[in-house]
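Next up, target-v2.txt (compact mmCIF, C-alpha atoms and all ligand atoms):
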```txt
# COMPACT_ATOMS: atom_id res chain seq x y z
CA MET A 207 0.00 0.00 0.00
CA ASP A 208 1.06 3.62 -0.59
CA PRO A 209 3.04 4.65 2.56
CA LYS A 210 1.10 7.93 2.69
CA LYS A 211 -2.18 6.01 2.74
CA LEU A 212 -0.85 3.68 5.44
CA ALA A 213 0.07 6.57 7.73
CA ALA A 214 -3.21 8.37 7.02
CA GLU A 215 -5.40 5.37 7.79
CA LYS A 216 -3.51 4.64 11.02
CA ALA A 217 -4.09 8.21 12.23
CA VAL A 218 -7.81 8.05 11.48
CA GLU A 219 -8.08 5.19 14.01
CA PHE A 220 -7.71 7.81 16.76
CA ILE A 221 -10.91 9.59 15.81
CA LYS A 222 -13.79 8.89 18.17
CA ASP A 223 -17.50 9.70 18.18
CA GLY A 224 -18.31 13.27 19.16
CA MET A 225 -14.91 14.72 18.26
CA THR A 226 -14.27 17.97 16.39
CA ILE A 227 -11.62 17.21 13.78
CA GLY A 228 -9.15 19.48 11.98
CA LEU A 229 -8.49 18.42 8.41
CA GLY A 230 -5.04 19.27 7.06
CA THR A 231 -4.01 19.72 3.44
CA GLY A 232 -2.01 17.74 0.89
CA SER A 233 -1.63 14.40 -0.79
CA THR A 234 -1.21 12.46 2.48
CA VAL A 235 -4.23 14.07 4.13
CA TYR A 236 -6.19 13.23 0.98
CA TRP A 237 -6.15 9.62 2.14
CA ALA A 238 -7.15 10.59 5.69
CA ILE A 239 -10.15 12.55 4.41
CA HIS A 240 -11.25 9.55 2.36
CA ARG A 241 -10.94 7.19 5.33
CA ILE A 242 -12.77 9.63 7.65
CA ALA A 243 -15.58 9.90 5.10
CA GLN A 244 -15.82 6.12 4.98
CA ARG A 245 -16.17 5.99 8.77
CA VAL A 246 -18.74 8.81 8.72
CA ASN A 247 -20.77 6.88 6.18
CA GLU A 248 -20.56 3.87 8.51
CA GLY A 249 -22.02 5.93 11.38
CA LEU A 250 -19.15 7.86 13.01
CA THR A 251 -20.49 11.15 14.41
CA ILE A 252 -17.97 13.98 14.10
CA ARG A 253 -17.79 17.54 12.91
CA ALA A 254 -14.83 19.03 11.10
CA VAL A 255 -13.04 22.21 10.10
CA ALA A 256 -10.58 22.40 7.21
CA THR A 257 -7.21 24.08 6.66
CA SER A 258 -7.80 24.89 2.98
CA SER A 259 -10.51 25.37 0.42
CA ASN A 260 -9.33 22.18 -1.30
CA SER A 261 -9.68 20.04 1.80
CA GLU A 262 -13.01 21.62 2.68
CA GLN A 263 -14.35 20.94 -0.80
CA LEU A 264 -13.18 17.32 -0.76
CA ALA A 265 -14.62 16.74 2.72
CA ARG A 266 -17.98 18.21 1.76
CA GLN A 267 -18.12 16.16 -1.45
CA LEU A 268 -17.50 12.99 0.54
CA GLY A 269 -20.13 13.80 3.19
CA ILE A 270 -17.99 14.94 6.16
CA PRO A 271 -19.90 17.61 8.12
CA ILE A 272 -17.96 20.89 7.98
CA VAL A 273 -18.97 23.45 10.62
CA PRO A 274 -18.24 27.18 10.86
CA PHE A 275 -15.50 28.26 13.30
CA SER A 276 -18.12 30.18 15.28
CA ASP A 277 -19.63 26.81 16.26
CA ILE A 278 -16.49 25.45 17.91
CA GLU A 279 -14.30 26.36 20.85
CA GLN A 280 -11.52 23.87 20.45
CA ILE A 281 -10.50 21.16 18.03
CA ASP A 282 -10.02 17.72 19.56
CA LEU A 283 -7.69 16.27 16.96
CA THR A 284 -6.07 17.55 13.78
CA ILE A 285 -4.45 15.34 11.17
CA ASP A 286 -2.02 16.99 8.78
CA GLY A 287 0.99 16.23 6.59
CA ALA A 288 4.45 17.81 6.55
CA ASP A 289 7.23 18.50 4.07
CA GLU A 290 10.07 17.78 6.50
CA VAL A 291 10.19 16.38 10.06
CA ASP A 292 13.35 16.47 12.17
CA PRO A 293 14.27 14.18 15.10
CA LYS A 294 12.77 16.67 17.59
CA PHE A 295 9.49 16.59 15.60
CA ASP A 296 9.86 20.16 14.41
CA LEU A 297 8.36 20.58 10.96
CA ILE A 298 8.50 22.45 7.71
CA LYS A 299 5.01 22.78 6.27
CA GLY A 300 3.39 24.83 3.54
CA GLY A 301 4.42 22.98 0.39
CA GLY A 302 0.74 23.17 -0.50
CA GLY A 303 0.51 26.83 0.48
CA ALA A 304 -1.85 26.32 3.43
CA LEU A 305 0.67 26.96 6.23
CA LEU A 306 -1.16 29.83 7.96
CA ARG A 307 -4.50 28.08 8.29
CA GLU A 308 -2.66 24.88 9.20
CA LYS A 309 -0.79 26.61 12.02
CA ILE A 310 -3.93 28.32 13.34
CA ILE A 311 -5.77 25.00 13.42
CA ALA A 312 -2.85 23.01 14.86
CA SER A 313 -2.36 25.54 17.65
CA ASN A 314 -6.03 25.26 18.60
CA SER A 315 -6.03 21.45 18.68
CA LYS A 316 -5.71 19.23 21.74
CA GLN A 317 -3.88 16.67 19.61
CA PHE A 318 -1.92 17.36 16.45
CA ILE A 319 -1.15 14.18 14.53
CA VAL A 320 1.32 14.46 11.65
CA ILE A 321 1.24 11.84 8.92
CA ILE A 322 4.14 11.35 6.51
CA ASP A 323 5.88 8.78 4.39
CA GLU A 324 9.45 7.93 5.36
CA SER A 325 10.99 10.31 2.77
CA LYS A 326 9.93 13.32 4.88
CA GLN A 327 12.20 12.42 7.81
CA VAL A 328 15.40 14.50 7.88
CA ASP A 329 18.28 15.05 10.32
CA GLN A 330 18.12 18.81 9.87
CA LEU A 331 15.32 21.00 8.52
CA GLY A 332 15.96 23.30 5.58
CA HIS A 333 16.67 21.22 2.53
CA PHE A 334 13.01 21.80 1.56
CA PRO A 335 12.62 25.56 0.92
CA LEU A 336 10.77 27.13 3.84
CA PRO A 337 7.46 28.68 2.74
CA VAL A 338 6.79 32.12 4.20
CA GLU A 339 3.42 33.83 3.73
CA ILE A 340 3.60 37.61 3.25
CA VAL A 341 1.09 40.32 2.43
CA PRO A 342 1.33 41.58 -1.17
CA PHE A 343 1.82 45.24 -0.09
CA ALA A 344 5.49 46.28 -0.52
CA ALA A 345 6.37 42.63 -1.03
CA GLU A 346 9.84 43.46 -2.38
CA LEU A 347 10.77 45.23 0.87
CA THR A 348 9.54 42.36 3.02
CA ILE A 349 11.43 39.88 0.82
CA ASN A 350 14.66 41.89 1.27
CA LYS A 351 14.31 41.56 5.04
CA ILE A 352 13.69 37.82 4.75
CA ARG A 353 16.78 37.43 2.53
CA ALA A 354 18.89 39.24 5.11
CA LEU A 355 18.28 36.26 7.42
CA GLY A 356 20.46 34.17 5.07
CA CYS A 357 18.38 32.57 2.34
CA ASN A 358 17.64 32.71 -1.36
CA THR A 359 14.03 33.51 -2.08
CA GLN A 360 11.56 32.74 -4.79
CA ILE A 361 8.04 34.09 -5.10
CA ARG A 362 5.86 31.00 -5.59
CA THR A 363 4.10 30.64 -8.91
CA GLN A 364 1.55 28.16 -10.19
CA ASP A 365 0.85 27.53 -13.87
CA GLY A 366 2.94 30.59 -14.75
CA GLU A 367 0.96 32.92 -12.46
CA THR A 368 1.86 34.29 -9.04
CA TYR A 369 0.46 31.89 -6.46
CA ILE A 370 -2.10 33.49 -4.14
CA SER A 371 -2.90 31.76 -0.85
CA ASP A 372 -6.44 31.13 0.42
CA ASN A 373 -5.86 34.30 2.49
CA GLY A 374 -5.00 36.47 -0.53
CA ASN A 375 -1.27 36.53 0.26
CA LEU A 376 1.99 35.60 -1.47
CA ILE A 377 4.11 32.58 -0.57
CA ILE A 378 7.88 33.09 -0.62
CA ASP A 379 9.91 29.87 -0.79
CA CYS A 380 13.11 30.44 1.16
CA ALA A 381 16.14 28.21 0.59
CA PHE A 382 18.10 28.31 3.84
CA GLY A 383 20.09 25.12 3.25
CA GLU A 384 20.28 23.99 6.86
CA ILE A 385 18.19 25.53 9.61
CA LEU A 386 20.23 25.26 12.79
CA GLN A 387 18.10 27.28 15.20
CA THR A 388 14.52 26.50 14.34
CA ALA A 389 12.76 28.38 17.16
CA LEU A 390 14.94 31.46 16.68
CA LEU A 391 14.36 31.57 12.92
CA ASN A 392 10.62 31.17 13.48
CA THR A 393 10.65 34.18 15.82
CA LYS A 394 12.87 36.28 13.53
CA LEU A 395 10.73 35.65 10.46
CA ASN A 396 7.49 36.38 12.24
CA SER A 397 8.94 39.64 13.61
CA ILE A 398 9.30 41.10 10.11
CA PRO A 399 6.40 43.45 9.36
CA GLY A 400 4.67 42.06 6.28
CA VAL A 401 5.29 38.44 7.20
CA VAL A 402 2.04 36.77 8.18
CA ASP A 403 3.55 33.43 9.24
CA ASN A 404 6.06 30.85 8.13
CA GLY A 405 6.09 27.07 7.68
CA LEU A 406 8.17 26.21 10.75
CA PHE A 407 6.05 24.31 13.27
CA VAL A 408 8.13 24.25 16.44
CA GLN A 409 7.23 21.73 19.15
CA MET A 410 3.59 21.42 18.13
CA VAL A 411 3.33 17.72 17.26
CA SER A 412 1.67 15.33 19.69
CA CYS A 413 2.03 12.24 17.52
CA LEU A 414 3.98 11.36 14.37
CA VAL A 415 2.79 8.53 12.13
CA VAL A 416 5.24 7.36 9.45
CA GLY A 417 4.34 4.99 6.63
CA TYR A 418 7.14 2.90 5.10
CA LYS A 419 7.58 1.39 1.66
CA ASP A 420 7.83 -2.09 3.19
CA GLY A 421 4.21 -1.77 4.34
CA THR A 422 4.91 -1.01 8.00
CA VAL A 423 3.75 2.02 9.91
CA LYS A 424 5.40 3.52 13.00
CA MET A 425 3.80 5.81 15.53
CA THR A 426 5.64 7.97 18.04
CA GLY A 427 4.01 10.15 20.69
CA THR A 428 0.56 10.18 22.16
CA GLY A 429 -2.20 9.44 19.73
CA SER A 430 -5.02 8.82 22.14
C1 LIG B 1 0.22 22.13 2.83
O1 LIG B 1 0.35 23.48 2.88
C2 LIG B 1 1.38 21.46 3.46
O2 LIG B 1 1.77 21.92 4.68
C3 LIG B 1 1.24 19.96 3.48
O3 LIG B 1 0.75 19.50 4.69
C4 LIG B 1 2.56 19.40 3.21
O4 LIG B 1 3.05 20.07 2.08
C5 LIG B 1 2.53 17.90 2.98
O5 LIG B 1 1.90 17.64 1.77
P1 LIG B 1 1.92 16.20 1.12
O6 LIG B 1 1.20 15.29 2.07
O7 LIG B 1 1.21 16.40 -0.19
O8 LIG B 1 3.35 15.81 0.92
```
Give the structure from the file, written as structure tokens.
Ligand code: A5P
Amino acid sequence: MDPKKLAAEKAVEFIKDGMTIGLGTGSTVYWAIHRIAQRVNEGLTIRAVATSSNSEQLARQLGIPIVPFSDIEQIDLTIDGADEVDPKFDLIKGGGGALLREKIIASNSKQFIVIIDESKQVDQLGHFPLPVEIVPFAAELTINKIRALGCNTQIRTQDGETYISDNGNLIIDCAFGEILQTALLNTKLNSIPGVVDNGLFVQMVSCLVVGYKDGTVKMTGTGS
């Protein structure tokens, strides 16, 4: 089985009746949304919020009840993917451009379960360019300040057009090489006026589920 699907289906086992669920974004979460929908159709009673228009649309199509944020106070469990995970379980996220909504939802969740295939595990974060979401106003000036932190930057495009996030912002992909001080870089980036947030998720994960090519799945942390 696809290692992403393996990890996703394992994580969905932690969902119980009555829970409010956060749905992440990406090709790994795709499998989780499908499995959740299957359980909902078999009688599981949950409500959900989504981290992107894409995930919300998929969830609705498959029959998962999506509720407005005004209806919830806290999210019981969020399942999301990642682009890189280091040995301390710090993450780079935002390859799909949904980092801001993902961080808001993760930080309001009692449990944050990250699902990946084995290729996402790294010794040091930073090989994957760090996505940074910035407001379009004076973007060049904000990008100069980001560059001064020691990276090469690229304004994300999609199909030849500037990529615009679900929040109407730009995503700047920042090649740092190796990120040695994750928490410090997170703070420095988010202190730049114009930066909305960045894809570093520092010490937020409660459980990591990794799917392997050999068909095994490994879980670390508290998933229940
Ligand atoms: C979306 O913005 C991202 O944070 C995704 O969670 C991340 O890119 C992982 O995506 P895949 O599961 O598609 O690799």
Within 9 Å of ligand LIG 1 (chain B) (only C-alpha atoms and all ligand atoms), residues as a PyMOL selection string = chain A and resi 210+230-236+257-258+286-290+298-308+320-323+326+337+405
For C-alpha atoms, I'd like the residues from the last selection saved as a PDB file, keeping the file's coordinate frame.
```pdb
ATOM      1  CA  LYS A 210       1.100   7.930   2.690  1.00  0.00           C
ATOM      2  CA  GLY A 230      -5.040  19.270   7.060  1.00  0.00           C
ATOM      3  CA  THR A 231      -4.010  19.720   3.440  1.00  0.00           C
ATOM      4  CA  GLY A 232      -2.010  17.740   0.890  1.00  0.00           C
ATOM      5  CA  SER A 233      -1.630  14.400  -0.790  1.00  0.00           C
ATOM      6  CA  THR A 234      -1.210  12.460   2.480  1.00  0.00           C
ATOM      7  CA  VAL A 235      -4.230  14.070   4.130  1.00  0.00           C
ATOM      8  CA  TYR A 236      -6.190  13.230   0.980  1.00  0.00           C
ATOM      9  CA  THR A 257      -7.210  24.080   6.660  1.00  0.00           C
ATOM     10  CA  SER A 258      -7.800  24.890   2.980  1.00  0.00           C
ATOM     11  CA  ASP A 286      -2.020  16.990   8.780  1.00  0.00           C
ATOM     12  CA  GLY A 287       0.990  16.230   6.590  1.00  0.00           C
ATOM     13  CA  ALA A 288       4.450  17.810   6.550  1.00  0.00           C
ATOM     14  CA  ASP A 289       7.230  18.500   4.070  1.00  0.00           C
ATOM     15  CA  GLU A 290      10.070  17.780   6.500  1.00  0.00           C
ATOM     16  CA  ILE A 298       8.500  22.450   7.710  1.00  0.00           C
ATOM     17  CA  LYS A 299       5.010  22.780   6.270  1.00  0.00           C
ATOM     18  CA  GLY A 300       3.390  24.830   3.540  1.00  0.00           C
ATOM     19  CA  GLY A 301       4.420  22.980   0.390  1.00  0.00           C
ATOM     20  CA  GLY A 302       0.740  23.170  -0.500  1.00  0.00           C
ATOM     21  CA  GLY A 303       0.510  26.830   0.480  1.00  0.00           C
ATOM     22  CA  ALA A 304      -1.850  26.320   3.430  1.00  0.00           C
ATOM     23  CA  LEU A 305       0.670  26.960   6.230  1.00  0.00           C
ATOM     24  CA  LEU A 306      -1.160  29.830   7.960  1.00  0.00           C
ATOM     25  CA  ARG A 307      -4.500  28.080   8.290  1.00  0.00           C
ATOM     26  CA  GLU A 308      -2.660  24.880   9.200  1.00  0.00           C
ATOM     27  CA  VAL A 320       1.320  14.460  11.650  1.00  0.00           C
ATOM     28  CA  ILE A 321       1.240  11.840   8.920  1.00  0.00           C
ATOM     29  CA  ILE A 322       4.140  11.350   6.510  1.00  0.00           C
ATOM     30  CA  ASP A 323       5.880   8.780   4.390  1.00  0.00           C
ATOM     31  CA  LYS A 326       9.930  13.320   4.880  1.00  0.00           C
ATOM     32  CA  PRO A 337       7.460  28.680   2.740  1.00  0.00           C
ATOM     33  CA  GLY A 405       6.090  27.070   7.680  1.00  0.00           C
TER      34      GLY A 405
END
```
Compile the contact shell of Ile370 (chain A) as a list in words: residues with an atom at most 12 Å away, counting all atoms listed in the file, same-chain residues fewer than 4 positions apart removed.
-> Gly302, Gly303, Ala304, Glu339, Ile340, Val341, Pro342, Ile361, Arg362, Thr363, Gln364, Asp365, Gly374, Asn375, Leu376, Ile377 and Ile378 of chain A
Skipping near chain neighbours, those fewer than 5 positions away, what residues fall within 9 Å of region 409-425 of chain A using all atoms listed in the file, listed as a PyMOL selection string?
-> chain A and resi 207-214+216-217+294-297+312-313+316-327+389
Quick one: residues within 8 Å of (12.6, 24.7, 5.5) (file frame), counting only C-alpha atoms, please, as a list in words.
-> Glu290, Ile298, Lys299, Leu331, Gly332, His333, Phe334, Pro335, Leu336, Pro337, Cys380, Ala381, Phe382, Gly383, Glu384, Ile385, Gly405 and Leu406 of chain A
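CA of Leu229 (chain A) is found 6.9 Å from CA of Ser261 (chain A).
Atom to atom, CA of Leu390 (chain A) and CA of Phe407 (chain A) stand 11.9 Å apart.
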Work out how far CA of Gln267 (chain A) is from CA of Asp223 (chain A), in Å to one decimal.
-> 20.7 Å
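When all atoms listed in the file are used to measure the gap to Lys351 (chain A), the shortest distance among A:Ile398, A:Val291, A:Ile221, A:Ile285 belongs to A:Ile398.
When all atoms listed in the file are used to compute distances to Asn350 (chain A), the closest of the residues A:Leu391, A:Asp329, A:Pro399, A:Ile278 turns out to be A:Pro399.
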Could you give me, as a PyMOL selection string, the residues within 12 Å of Glu248 (chain A), counting only C-alpha atoms and dropping anything in the same chain fewer than 4 positions from it?
-> chain A and resi 223+241-244+252+269-270
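Using all atoms listed in the file, the set of residues no farther than 12 Å from the position (-18.1, 25.0, 12.5) comprises Thr226, Ile227, Gly228, Ile252, Arg253, Ala254, Val255, Ala256, Glu262, Ile270, Pro271, Ile272, Val273, Pro274, Phe275, Ser276, Asp277, Ile278, Glu279, Gln280 and Ile281 of chain A.
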Given the choices A:Asp292, A:Asp379, A:Glu367, A:Arg266, which gets closest to Val328 (chain A) if the distance is worked out from all atoms listed in the file?
-> A:Asp292
Among listed residues A:Ala344, A:Val338, A:Cys357, A:Ile239, nearest Val401 (chain A) (using all atoms listed in the file) = A:Val338
